[in-house]
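Asks: PDB, C-alpha atoms, saved as model18.pdb, coming up:
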ATOM      1  CA  MET O   1     -51.403  47.528  74.750
ATOM      2  CA  ALA O   2     -52.076  43.821  74.349
ATOM      3  CA  HIS O   3     -53.047  42.551  70.903
ATOM      4  CA  TYR O   4     -55.506  39.733  70.333
ATOM      5  CA  PRO O   5     -55.980  37.711  67.155
ATOM      6  CA  ILE O   6     -59.069  38.642  65.217
ATOM      7  CA  THR O   7     -60.593  37.499  61.960
ATOM      8  CA  ASP O   8     -63.664  38.873  60.269
ATOM      9  CA  ALA O   9     -64.011  35.776  58.107
ATOM     10  CA  VAL O  10     -66.030  33.946  60.733
ATOM     11  CA  SER O  11     -69.579  34.931  61.599
ATOM     12  CA  TRP O  12     -72.047  33.311  63.948
ATOM     13  CA  GLN O  13     -75.824  33.740  63.984
ATOM     14  CA  PRO O  14     -77.283  32.533  67.306
ATOM     15  CA  ASP O  15     -80.419  30.471  67.520
ATOM     16  CA  SER O  16     -83.738  32.195  68.075
ATOM     17  CA  HIS O  17     -83.856  33.787  71.512
ATOM     18  CA  TYR O  18     -82.569  31.011  73.806
ATOM     19  CA  GLY O  19     -84.163  28.441  71.526
ATOM     20  CA  LYS O  20     -87.707  29.377  72.549
ATOM     21  CA  VAL O  21     -88.975  29.655  68.952
ATOM     22  CA  SER O  22     -89.393  26.384  67.123
ATOM     23  CA  ARG O  23     -89.774  25.841  63.394
ATOM     24  CA  ARG O  24     -93.063  24.443  62.130
ATOM     25  CA  ILE O  25     -93.061  22.408  58.905
ATOM     26  CA  VAL O  26     -96.390  21.968  57.112
ATOM     27  CA  THR O  27     -96.733  19.335  54.389
ATOM     28  CA  LYS O  28     -99.623  19.403  51.963
ATOM     29  CA  VAL O  29    -100.990  16.065  50.750
ATOM     30  CA  PRO O  30    -103.839  15.191  48.375
ATOM     31  CA  MET O  31    -107.267  14.852  49.958
ATOM     32  CA  THR O  32    -108.528  11.290  50.309
ATOM     33  CA  PRO O  33    -111.848   9.948  51.550
ATOM     34  CA  PRO O  34    -111.927   9.645  55.355
ATOM     35  CA  VAL O  35    -111.280   6.216  56.821
ATOM     36  CA  ARG O  36    -113.124   5.205  59.991
ATOM     37  CA  LEU O  37    -110.862   3.773  62.678
ATOM     38  CA  PRO O  38    -111.773   2.186  65.941
ATOM     39  CA  GLY O  39    -111.503   4.661  68.826
ATOM     40  CA  LEU O  40    -108.629   2.880  70.596
ATOM     41  CA  LEU O  41    -106.589   2.555  67.400
ATOM     42  CA  LEU O  42    -107.142   6.243  66.620
ATOM     43  CA  LEU O  43    -105.844   7.264  70.059
ATOM     44  CA  ILE O  44    -102.754   5.104  69.589
ATOM     45  CA  LEU O  45    -102.002   6.655  66.207
ATOM     46  CA  LEU O  46    -102.466  10.184  67.574
ATOM     47  CA  ALA O  47    -100.115   9.459  70.460
ATOM     48  CA  GLN O  48     -97.475   8.216  68.046
ATOM     49  CA  CYS O  49     -97.821  11.392  65.962
ATOM     50  CA  GLU O  50     -96.891  13.659  68.864
ATOM     51  CA  THR O  51     -93.408  15.040  68.359
ATOM     52  CA  ALA O  52     -91.040  14.286  71.228
ATOM     53  CA  PRO O  53     -88.782  17.163  72.359
ATOM     54  CA  GLU O  54     -85.576  17.187  70.350
ATOM     55  CA  ILE O  55     -82.530  16.298  72.443
ATOM     56  CA  ASP O  56     -79.231  17.564  71.119
ATOM     57  CA  CYS O  57     -76.146  17.011  73.280
ATOM     58  CA  ARG O  58     -73.490  17.917  70.729
ATOM     59  CA  LEU O  59     -70.887  20.303  72.110
ATOM     60  CA  THR O  60     -70.013  23.067  69.637
ATOM     61  CA  MET O  61     -67.663  25.876  70.599
ATOM     62  CA  ILE O  62     -68.592  29.264  69.142
ATOM     63  CA  ALA O  63     -65.923  31.604  70.509
ATOM     64  CA  GLN O  64     -63.176  31.799  73.123
ATOM     65  CA  VAL O  65     -61.550  34.941  74.504
ATOM     66  CA  PRO O  66     -58.799  35.559  77.074
ATOM     67  CA  LEU O  67     -60.057  36.502  80.525
ATOM     68  CA  GLN O  68     -58.306  38.507  83.211
ATOM     69  CA  VAL O  69     -59.244  39.258  86.822
ATOM     70  CA  ARG O  70     -59.062  42.955  87.644
ATOM     71  CA  ASP O  71     -59.999  44.126  91.155
ATOM     72  CA  GLY O  72     -62.218  41.069  91.642
ATOM     73  CA  LEU O  73     -63.998  41.438  88.282
ATOM     74  CA  LEU O  74     -63.653  39.404  85.085
ATOM     75  CA  VAL O  75     -62.566  41.425  82.052
ATOM     76  CA  VAL O  76     -62.389  40.334  78.381
ATOM     77  CA  PRO O  77     -61.314  42.111  75.167
ATOM     78  CA  VAL O  78     -64.071  42.836  72.646
ATOM     79  CA  GLY O  79     -63.720  44.232  69.132
ATOM     80  CA  MET O  80     -66.222  47.012  68.464
ATOM     81  CA  ASN O  81     -66.265  48.823  65.134
ATOM     82  CA  GLY O  82     -62.676  47.773  64.494
ATOM     83  CA  LYS O  83     -61.333  49.001  67.850
ATOM     84  CA  TRP O  84     -60.620  47.220  71.104
ATOM     85  CA  VAL O  85     -62.669  47.764  74.229
ATOM     86  CA  HIS O  86     -62.555  45.837  77.496
ATOM     87  CA  LEU O  87     -65.821  44.672  79.044
ATOM     88  CA  VAL O  88     -66.656  43.143  82.436
ATOM     89  CA  VAL O  89     -68.292  39.703  82.140
ATOM     90  CA  ASP O  90     -71.616  40.482  83.829
ATOM     91  CA  THR O  91     -74.397  37.880  83.875
ATOM     92  CA  GLY O  92     -76.378  40.231  86.135
ATOM     93  CA  ALA O  93     -76.595  42.975  83.500
ATOM     94  CA  GLU O  94     -79.631  42.641  81.249
ATOM     95  CA  ARG O  95     -77.954  44.448  78.346
ATOM     96  CA  THR O  96     -74.430  44.766  77.038
ATOM     97  CA  THR O  97     -73.552  48.345  78.011
ATOM     98  CA  ILE O  98     -70.644  50.708  77.429
ATOM     99  CA  SER O  99     -69.839  53.922  79.229
ATOM    100  CA  ASN O 100     -70.535  57.345  77.768
ATOM    101  CA  MET O 101     -66.799  57.926  77.623
ATOM    102  CA  ALA O 102     -66.240  54.759  75.590
ATOM    103  CA  ALA O 103     -69.112  55.598  73.222
ATOM    104  CA  ASP O 104     -67.642  59.042  72.581
ATOM    105  CA  SER O 105     -64.131  57.629  72.129
ATOM    106  CA  LEU O 106     -65.415  55.170  69.514
ATOM    107  CA  GLY O 107     -67.494  57.850  67.813
ATOM    108  CA  LEU O 108     -70.685  55.793  68.089
ATOM    109  CA  PRO O 109     -73.875  57.613  67.054
ATOM    110  CA  HIS O 110     -76.614  57.865  69.679
ATOM    111  CA  ASP O 111     -80.150  56.904  68.656
ATOM    112  CA  PRO O 112     -82.667  59.021  70.618
ATOM    113  CA  ARG O 113     -85.518  56.814  69.375
ATOM    114  CA  HIS O 114     -84.231  53.919  71.490
ATOM    115  CA  LYS O 115     -83.995  54.700  75.200
ATOM    116  CA  VAL O 116     -82.860  52.351  77.940
ATOM    117  CA  HIS O 117     -84.460  52.394  81.409
ATOM    118  CA  ALA O 118     -82.395  50.429  83.913
ATOM    119  CA  LEU O 119     -82.849  49.708  87.619
ATOM    120  CA  GLY O 120     -79.733  48.767  89.523
ATOM    121  CA  ILE O 121     -77.720  49.534  92.612
ATOM    122  CA  GLY O 122     -77.869  53.287  92.985
ATOM    123  CA  GLY O 123     -81.310  53.710  91.449
ATOM    124  CA  THR O 124     -82.925  54.063  88.035
ATOM    125  CA  THR O 125     -81.141  55.432  84.987
ATOM    126  CA  THR O 126     -82.334  56.418  81.527
ATOM    127  CA  SER O 127     -80.036  56.610  78.522
ATOM    128  CA  THR O 128     -80.047  56.184  74.763
ATOM    129  CA  GLU O 129     -78.626  53.338  72.733
ATOM    130  CA  VAL O 130     -75.800  53.625  70.244
ATOM    131  CA  ARG O 131     -75.563  51.904  66.878
ATOM    132  CA  ILE O 132     -72.585  49.704  66.102
ATOM    133  CA  ASP O 133     -71.463  48.092  62.863
ATOM    134  CA  ARG O 134     -69.522  45.185  64.273
ATOM    135  CA  LEU O 135     -69.001  43.324  67.553
ATOM    136  CA  VAL O 136     -66.321  40.626  67.629
ATOM    137  CA  LEU O 137     -65.538  38.102  70.380
ATOM    138  CA  GLY O 138     -62.587  35.772  69.927
ATOM    139  CA  GLY O 139     -62.406  36.433  66.191
ATOM    140  CA  VAL O 140     -66.119  35.738  65.699
ATOM    141  CA  HIS O 141     -68.560  38.381  64.497
ATOM    142  CA  PHE O 142     -71.787  38.558  66.510
ATOM    143  CA  PRO O 143     -74.847  40.157  64.842
ATOM    144  CA  ILE O 144     -75.368  42.894  67.435
ATOM    145  CA  GLU O 145     -76.552  46.242  66.015
ATOM    146  CA  ARG O 146     -77.068  48.259  69.200
ATOM    147  CA  VAL O 147     -75.664  48.435  72.711
ATOM    148  CA  ALA O 148     -76.826  50.442  75.709
ATOM    149  CA  VAL O 149     -74.894  53.365  77.138
ATOM    150  CA  GLY O 150     -74.541  54.160  80.841
ATOM    151  CA  SER O 151     -73.134  56.953  82.973
ATOM    152  CA  PHE O 152     -70.591  55.020  85.023
ATOM    153  CA  SER O 153     -66.861  54.568  85.393
ATOM    154  CA  LEU O 154     -65.029  51.249  85.579
ATOM    155  CA  GLN O 155     -61.554  52.586  86.297
ATOM    156  CA  ASN O 156     -59.808  52.657  89.665
ATOM    157  CA  PRO O 157     -56.274  52.609  91.135
ATOM    158  CA  ARG O 158     -56.614  48.915  92.037
ATOM    159  CA  GLY O 159     -56.157  47.799  88.427
ATOM    160  CA  LEU O 160     -59.664  47.922  86.994
ATOM    161  CA  ASN O 161     -59.765  49.569  83.575
ATOM    162  CA  ALA O 162     -62.866  48.598  81.617
ATOM    163  CA  ASP O 163     -65.167  50.302  79.130
ATOM    164  CA  GLY O 164     -68.462  48.594  79.926
ATOM    165  CA  LEU O 165     -70.349  45.377  80.621
ATOM    166  CA  LEU O 166     -70.759  42.238  78.525
ATOM    167  CA  GLY O 167     -74.320  41.401  79.537
ATOM    168  CA  ALA O 168     -76.816  38.568  79.628
ATOM    169  CA  ASP O 169     -78.255  39.462  76.213
ATOM    170  CA  ILE O 170     -75.104  37.921  74.700
ATOM    171  CA  LEU O 171     -73.764  35.645  77.435
ATOM    172  CA  LEU O 172     -76.913  33.679  78.260
ATOM    173  CA  ALA O 173     -77.759  33.059  74.613
ATOM    174  CA  TYR O 174     -75.040  30.391  74.836
ATOM    175  CA  ASP O 175     -73.791  27.691  77.160
ATOM    176  CA  LEU O 176     -71.185  29.585  79.119
ATOM    177  CA  ASP O 177     -67.818  28.381  80.438
ATOM    178  CA  ILE O 178     -66.125  30.956  82.689
ATOM    179  CA  ASP O 179     -62.709  29.468  83.395
ATOM    180  CA  VAL O 180     -61.054  31.807  85.884
ATOM    181  CA  PRO O 181     -58.121  29.454  86.657
ATOM    182  CA  GLY O 182     -57.548  28.915  82.929
ATOM    183  CA  HIS O 183     -58.008  32.623  82.071
ATOM    184  CA  ALA O 184     -60.572  31.978  79.338
ATOM    185  CA  LEU O 185     -64.218  32.691  78.566
ATOM    186  CA  THR O 186     -65.774  30.193  76.144
ATOM    187  CA  LEU O 187     -69.197  30.375  74.507
ATOM    188  CA  TYR O 188     -70.793  27.136  73.261
ATOM    189  CA  ARG O 189     -73.884  26.675  71.143
ATOM    190  CA  ASN O 190     -76.805  26.331  73.546
ATOM    191  CA  ARG O 191     -77.975  22.732  73.660
ATOM    192  CA  SER O 192     -81.329  21.197  74.419
ATOM    193  CA  CYS O 193     -79.788  18.502  76.595
ATOM    194  CA  PRO O 194     -81.059  18.142  80.181
ATOM    195  CA  THR O 195     -78.338  15.585  80.961
ATOM    196  CA  ALA O 196     -75.486  17.784  79.671
ATOM    197  CA  ARG O 197     -72.370  18.075  81.801
ATOM    198  CA  PRO O 198     -69.456  20.523  81.534
ATOM    199  CA  PRO O 199     -66.494  19.306  79.454
ATOM    200  CA  TRP O 200     -64.055  19.517  82.341
ATOM    201  CA  THR O 201     -61.479  17.173  83.791
ATOM    202  CA  GLN O 202     -61.425  18.764  87.265
ATOM    203  CA  PRO O 203     -64.025  17.843  89.928
ATOM    204  CA  TRP O 204     -67.273  19.802  89.878
ATOM    205  CA  VAL O 205     -70.566  20.063  91.723
ATOM    206  CA  GLU O 206     -74.014  20.870  90.361
ATOM    207  CA  VAL O 207     -76.330  23.471  91.854
ATOM    208  CA  THR O 208     -79.819  21.991  91.560
ATOM    209  CA  GLY O 209     -83.117  23.870  91.564
ATOM    210  CA  VAL O 210     -81.889  26.621  89.230
ATOM    211  CA  GLN O 211     -84.632  28.926  87.916
ATOM    212  CA  VAL O 212     -84.787  31.599  85.231
ATOM    213  CA  ARG O 213     -86.404  35.027  85.412
ATOM    214  CA  LYS O 214     -86.231  37.838  82.862
ATOM    215  CA  ASP O 215     -83.146  36.414  81.161
ATOM    216  CA  ARG O 216     -81.415  35.804  84.487
ATOM    217  CA  LEU O 217     -80.223  32.663  86.253
ATOM    218  CA  LEU O 218     -81.331  32.229  89.879
ATOM    219  CA  LEU O 219     -79.664  29.867  92.360
ATOM    220  CA  PRO O 220     -81.329  28.542  95.520
ATOM    221  CA  PHE O 221     -79.354  29.408  98.640
ATOM    222  CA  GLU O 222     -79.593  29.147 102.412
ATOM    223  CA  LEU O 223     -78.288  31.831 104.762
ATOM    224  CA  ASP O 224     -78.366  31.161 108.497
ATOM    225  CA  GLY O 225     -81.333  28.821 108.024
ATOM    226  CA  ALA O 226     -83.340  31.199 105.782
ATOM    227  CA  GLN O 227     -83.883  30.187 102.169
ATOM    228  CA  GLY O 228     -84.027  32.348  99.052
ATOM    229  CA  MET O 229     -83.166  32.636  95.373
ATOM    230  CA  ALA O 230     -80.018  34.535  94.360
ATOM    231  CA  LEU O 231     -79.179  36.043  90.999
ATOM    232  CA  LEU O 232     -75.939  34.720  89.495
ATOM    233  CA  ASP O 233     -74.057  38.007  89.025
ATOM    234  CA  THR O 234     -70.489  37.700  87.777
ATOM    235  CA  GLY O 235     -70.367  41.491  87.613
ATOM    236  CA  ALA O 236     -70.677  41.878  91.403
ATOM    237  CA  GLN O 237     -67.444  41.865  93.377
ATOM    238  CA  GLY O 238     -69.167  40.544  96.495
ATOM    239  CA  ASN O 239     -72.363  38.868  97.596
ATOM    240  CA  VAL O 240     -75.288  41.226  98.176
ATOM    241  CA  LEU O 241     -78.456  40.763 100.238
ATOM    242  CA  GLY O 242     -81.707  42.362  99.095
ATOM    243  CA  VAL O 243     -84.288  44.100 101.255
ATOM    244  CA  ALA O 244     -86.929  41.349 101.021
ATOM    245  CA  MET O 245     -84.504  38.709 102.307
ATOM    246  CA  THR O 246     -83.240  41.071 105.004
ATOM    247  CA  ARG O 247     -86.747  41.550 106.355
ATOM    248  CA  ARG O 248     -87.505  37.830 106.307
ATOM    249  CA  MET O 249     -84.387  37.253 108.403
ATOM    250  CA  GLY O 250     -85.431  39.892 110.947
ATOM    251  CA  LEU O 251     -82.479  42.202 110.328
ATOM    252  CA  THR O 252     -83.748  45.580 111.502
ATOM    253  CA  GLU O 253     -82.196  48.995 110.913
ATOM    254  CA  GLN O 254     -81.141  49.028 114.569
ATOM    255  CA  ILE O 255     -79.198  45.767 114.128
ATOM    256  CA  LEU O 256     -77.563  46.880 110.890
ATOM    257  CA  ALA O 257     -76.612  50.258 112.352
ATOM    258  CA  ALA O 258     -73.873  48.501 114.324
ATOM    259  CA  ASP O 259     -72.285  47.147 111.110
ATOM    260  CA  PRO O 260     -69.571  48.997 109.193
ATOM    261  CA  PRO O 261     -70.784  51.072 106.206
ATOM    262  CA  VAL O 262     -69.627  50.254 102.682
ATOM    263  CA  HIS O 263     -69.933  52.258  99.464
ATOM    264  CA  ASN O 264     -71.460  50.372  96.536
ATOM    265  CA  THR O 265     -71.336  51.634  92.970
ATOM    266  CA  GLY O 266     -73.754  50.516  90.265
ATOM    267  CA  THR O 267     -74.979  51.812  86.924
ATOM    268  CA  GLY O 268     -77.397  54.028  88.855
ATOM    269  CA  GLY O 269     -74.730  55.670  91.020
ATOM    270  CA  LYS O 270     -73.437  55.153  94.558
ATOM    271  CA  VAL O 271     -75.219  53.987  97.690
ATOM    272  CA  ILE O 272     -74.150  53.388 101.304
ATOM    273  CA  SER O 273     -74.868  49.850 102.528
ATOM    274  CA  ARG O 274     -73.894  47.787 105.575
ATOM    275  CA  LEU O 275     -71.468  44.862 105.767
ATOM    276  CA  HIS O 276     -73.059  42.230 108.024
ATOM    277  CA  LEU O 277     -71.336  39.112 109.323
ATOM    278  CA  PHE O 278     -73.447  35.951 108.998
ATOM    279  CA  ASN O 279     -72.817  32.443 110.263
ATOM    280  CA  ARG O 280     -73.162  30.247 107.194
ATOM    281  CA  LEU O 281     -73.969  30.548 103.490
ATOM    282  CA  ARG O 282     -74.875  27.433 101.553
ATOM    283  CA  ILE O 283     -75.291  27.229  97.770
ATOM    284  CA  GLY O 284     -76.037  23.740  96.521
ATOM    285  CA  PRO O 285     -73.584  21.350  98.194
ATOM    286  CA  LEU O 286     -71.070  24.130  98.913
ATOM    287  CA  ALA O 287     -70.926  26.088 102.168
ATOM    288  CA  GLN O 288     -69.075  29.188 103.331
ATOM    289  CA  ASN O 289     -68.583  29.916 107.018
ATOM    290  CA  ALA O 290     -68.690  33.407 108.511
ATOM    291  CA  PRO O 291     -69.454  35.231 105.247
ATOM    292  CA  ALA O 292     -69.481  39.028 105.309
ATOM    293  CA  ILE O 293     -72.312  40.121 102.988
ATOM    294  CA  VAL O 294     -73.357  43.580 101.851
ATOM    295  CA  VAL O 295     -76.914  44.440 102.954
ATOM    296  CA  LEU O 296     -78.623  47.009 100.711
ATOM    297  CA  PRO O 297     -80.645  49.834 102.306
ATOM    298  CA  ALA O 298     -83.407  49.839  99.664
ATOM    299  CA  ASP O 299     -84.962  47.733  96.915
ATOM    300  CA  PHE O 300     -82.881  48.100  93.763
ATOM    301  CA  GLY O 301     -84.398  45.170  91.900
ATOM    302  CA  VAL O 302     -81.847  42.589  93.041
ATOM    303  CA  GLY O 303     -84.459  40.235  94.503
ATOM    304  CA  ASP O 304     -83.370  38.151  97.489
ATOM    305  CA  ALA O 305     -79.653  38.341  96.803
ATOM    306  CA  LEU O 306     -76.780  38.515  94.334
ATOM    307  CA  VAL O 307     -74.113  35.813  94.266
ATOM    308  CA  GLY O 308     -70.940  37.506  93.078
ATOM    309  CA  GLU O 309     -67.224  36.936  92.803
ATOM    310  CA  ASP O 310     -66.777  36.685  96.574
ATOM    311  CA  PHE O 311     -68.319  33.211  96.370
ATOM    312  CA  LEU O 312     -67.236  32.373  92.813
ATOM    313  CA  GLN O 313     -63.651  33.533  93.303
ATOM    314  CA  GLY O 314     -61.161  31.083  91.792
ATOM    315  CA  ARG O 315     -63.862  28.737  90.501
ATOM    316  CA  ARG O 316     -64.691  27.584  87.023
ATOM    317  CA  VAL O 317     -68.372  28.185  86.274
ATOM    318  CA  TRP O 318     -70.600  26.478  83.699
ATOM    319  CA  ALA O 319     -73.975  28.137  83.133
ATOM    320  CA  SER O 320     -76.716  27.026  80.747
ATOM    321  CA  PHE O 321     -79.797  29.245  80.556
ATOM    322  CA  ARG O 322     -81.566  26.858  78.205
ATOM    323  CA  ASN O 323     -81.086  23.808  80.429
ATOM    324  CA  ARG O 324     -81.308  25.726  83.726
ATOM    325  CA  GLN O 325     -77.985  24.316  84.855
ATOM    326  CA  ILE O 326     -75.109  25.707  86.895
ATOM    327  CA  PHE O 327     -71.941  23.760  87.687
ATOM    328  CA  LEU O 328     -69.068  24.962  89.863
ATOM    329  CA  SER O 329     -65.576  23.537  90.108
ATOM    330  CA  ARG O 330     -64.501  22.354  93.523
ATOM    331  CA  LEU O 331     -61.846  24.138  95.581
ATOM    332  CA  SER O 332     -59.536  22.503  98.097
ATOM    333  CA  ALA O 333     -61.095  24.655 100.835
ATOM    334  CA  ASP O 334     -64.666  23.537 100.077
ATOM    335  CA  GLN O 335     -66.666  22.052 102.930
TER     336      GLN O 335
END
Take the structure from the file and write it as structure tokens.
Replies:
Amino acid sequence: MAHYPITDAVSWQPDSHYGKVSRRIVTKVPMTPPVRLPGLLLLILLAQCETAPEIDCRLTMIAQVPLQVRDGLLVVPVGMNGKWVHLVVDTGAERTTISNMAADSLGLPHDPRHKVHALGIGGTTTSTEVRIDRLVLGGVHFPIERVAVGSFSLQNPRGLNADGLLGADILLAYDLDIDVPGHALTLYRNRSCPTARPPWTQPWVEVTGVQVRKDRLLLPFELDGAQGMALLDTGAQGNVLGVAMTRRMGLTEQILAADPPVHNTGTGGKVISRLHLFNRLRIGPLAQNAPAIVVLPADFGVGDALVGEDFLQGRRVWASFRNRQIFLSRLSADQ
């Protein structure tokens, strides 16, 4: 079993949830008689008193962990209650989640007062949370007291052997550098810096028009001339098309019936989908010809689409929830 350096001497407390809560400072001063000011001068003084948004472009690394690709998924080691687990880097998962088997192996106590209702591929699931004493990434202690538990398995003969999902509740609280070529996942302090750029030497492109929804990052995309918004999902092996987008594109059940079936597994179980061949997928300035995309048979809360590792494969990804930014490294095959 591989061993990773760990120190409990370092602890990191993240900012308030994605920096949405600001601190208000109130200063008390002695009361003085009011002074009458001309209207124009008063407006000028009030305008000057308005606080401009704080811009902070300092780059501060919080933690870095080794990253491995296993069966098309990104896996990192995480210390939990003094033991090692391996979690899939999953920006599409709302919560950091471990399997029932992993929870039992670690001896984590379930808390029936805290239940988790999740909607994903396969349907809706309900489970309890477990309490943890310590979660460590890259030698840094993160103040996480509970994680969700799911009934799923992340082991297969193709090399995948993981215990759960490292979700958006941790990942998107930071500026995120997923360096697949460099085999590293790095978390930076989230910055309020609209002009921030990734600290890379290799060429990159920016995906503009990024939106956020329920602690998720959404990318604008175009598929065979139809436009939509896709969830950035590093925990999906391939790209996935949702029902709403399928209907807008006029893909009927009769058309999809001619496509080969595929078996998809999510936290809610298994479902049979169709693998449809499209002409062209465009995300930002990048395009992919003849993409084969999984078309779901029902609405599992994925929205228009999921952009997974089929498109991200081999790229370095920079994602900033706070600044609504996504950057992708260029590949030699890019069009």
Asks: Fewer than 4 positions away in the same chain doesn't count, so skip those; otherwise give me all residues within 10 Å of O:Pro77, counting all atoms listed in the file, as a PyMOL selection string.
Replies: chain O and resi 2-4+65-68+84-88+136-138+162-163
Asks: As a check of understanding, name the residues that the PyMOL selection byres ((chain O and resi 80) around 8) selects in the supplied structure, as a ChimeraX atom specification.
Replies: /O:78-79,81-85,132-136
Asks: Might you spell out which residues the PyMOL selection byres ((chain O and resi 179) around 9) would select in the displayed file, as a PyMOL selection string?
Replies: chain O and resi 67+177-178+180-186+314-318
Asks: Do you know which residues are at most 9 Å from O:Val205 counting all atoms listed in the file, after dropping those on the same chain fewer than 6 positions away, and could you put them as a PyMOL selection string?
Replies: chain O and resi 284-286+326-330
Asks: Identify, on the basis of all atoms listed in the file, every residue whose closest approach to O:Asp259 does not exceed 6 Å; exclude the query and any residue fewer than 5 positions from it along the same chain; express the result as a list in words.
Replies: Arg274, Leu275 and His276 of chain O
Asks: Give the centre and edge lengths of an axis-aligned box, in Å to one decimal, that holds all listed atoms of stretch 145-151 of chain O with 8 Å on each side, as lines of an AutoDock Vina configuration file.
Replies:
center_x = -75.1
center_y = 51.6
center_z = 74.5
size_x = 19.9
size_y = 26.7
size_z = 33.0
Asks: Quick one: of O:Pro297, O:Gly238, O:Pro109, O:Pro194, who's nearest to O:Leu73, counting all atoms listed in the file?
Replies: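 Of O:Pro297, O:Gly238, O:Pro109, O:Pro194, the one nearest O:Leu73, counting all atoms listed in the file, is O:Gly238.
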Asks: Quick one: apply the PyMOL selection byres ((chain O and resi 60) around 12) to the file and drop the selected residues here as a ChimeraX atom specification.
Replies: /O:12,56-59,61-64,174-176,186-191,199
Asks: Take the residues from that selection and put them in a file with C-alpha atoms, as a PDB file, in the frame of the given file.
Replies:
ATOM      1  CA  TRP O  12     -72.047  33.311  63.948  1.00  0.00           C
ATOM      2  CA  ASP O  56     -79.231  17.564  71.119  1.00  0.00           C
ATOM      3  CA  CYS O  57     -76.146  17.011  73.280  1.00  0.00           C
ATOM      4  CA  ARG O  58     -73.490  17.917  70.729  1.00  0.00           C
ATOM      5  CA  LEU O  59     -70.887  20.303  72.110  1.00  0.00           C
ATOM      6  CA  MET O  61     -67.663  25.876  70.599  1.00  0.00           C
ATOM      7  CA  ILE O  62     -68.592  29.264  69.142  1.00  0.00           C
ATOM      8  CA  ALA O  63     -65.923  31.604  70.509  1.00  0.00           C
ATOM      9  CA  GLN O  64     -63.176  31.799  73.123  1.00  0.00           C
ATOM     10  CA  TYR O 174     -75.040  30.391  74.836  1.00  0.00           C
ATOM     11  CA  ASP O 175     -73.791  27.691  77.160  1.00  0.00           C
ATOM     12  CA  LEU O 176     -71.185  29.585  79.119  1.00  0.00           C
ATOM     13  CA  THR O 186     -65.774  30.193  76.144  1.00  0.00           C
ATOM     14  CA  LEU O 187     -69.197  30.375  74.507  1.00  0.00           C
ATOM     15  CA  TYR O 188     -70.793  27.136  73.261  1.00  0.00           C
ATOM     16  CA  ARG O 189     -73.884  26.675  71.143  1.00  0.00           C
ATOM     17  CA  ASN O 190     -76.805  26.331  73.546  1.00  0.00           C
ATOM     18  CA  ARG O 191     -77.975  22.732  73.660  1.00  0.00           C
ATOM     19  CA  PRO O 199     -66.494  19.306  79.454  1.00  0.00           C
TER      20      PRO O 199
END
Asks: Would you list the contacts of O:Ile293 as a list in words, taking every protein, DNA or RNA residue within 10 Å and counting all atoms listed in the file, but skipping same-chain residues closer than 5 positions in sequence?
Replies: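 Returned residues: Gly238, Asn239, Val240, Leu241, Arg274, Leu275, His276, Leu277, Phe278, Leu281, Ala305, Leu306, Val307 and Asp310 of chain O.
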Asks: Taking all atoms listed in the file into account, which of O:Gly209, O:Pro143, O:Gly150, O:Gly92 comes nearest O:Leu171?
Replies: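 Ranked by minimum distance to O:Leu171, first place goes to O:Gly92.
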Asks: Contacts of O:Gly303 at 10 Å or less, counting only C-alpha atoms, minus same-chain residues fewer than 5 places along, as a compact mmCIF listing (two decimals) with C-alpha atoms, in the frame of the given file?
Replies:
# COMPACT_ATOMS: atom_id res chain seq x y z
CA LEU O 218 -81.33 32.23 89.88
CA GLY O 228 -84.03 32.35 99.05
CA MET O 229 -83.17 32.64 95.37
CA ALA O 230 -80.02 34.53 94.36
CA LEU O 231 -79.18 36.04 91.00
CA VAL O 240 -75.29 41.23 98.18
CA LEU O 241 -78.46 40.76 100.24
CA GLY O 242 -81.71 42.36 99.10
CA VAL O 243 -84.29 44.10 101.26
CA ALA O 244 -86.93 41.35 101.02
CA MET O 245 -84.50 38.71 102.31
Asks: Rounded to one decimal, what separation in Å do you get between atom CA of O:Ala258 and atom CA of O:Glu222?
Replies: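 These atoms are spaced 23.4 Å apart.
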Asks: Take atom CA of O:Asp334 and atom CA of O:Val295 and report the distance between them in Å, one decimal.
Replies: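 Between atom CA of O:Asp334 and atom CA of O:Val295 the gap works out to 24.4 Å.
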Asks: Atom CA of O:Asp71 and atom CA of O:Arg213, how far apart in Å?
Replies: 28.5 Å
Asks: Of the candidates O:Ala257, O:Leu166, O:Leu223, O:Val271, which shows the shortest atom-to-atom distance to O:Pro291, using only C-alpha atoms?
Replies: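 Distance minimum relative to O:Pro291 lands on O:Leu223.
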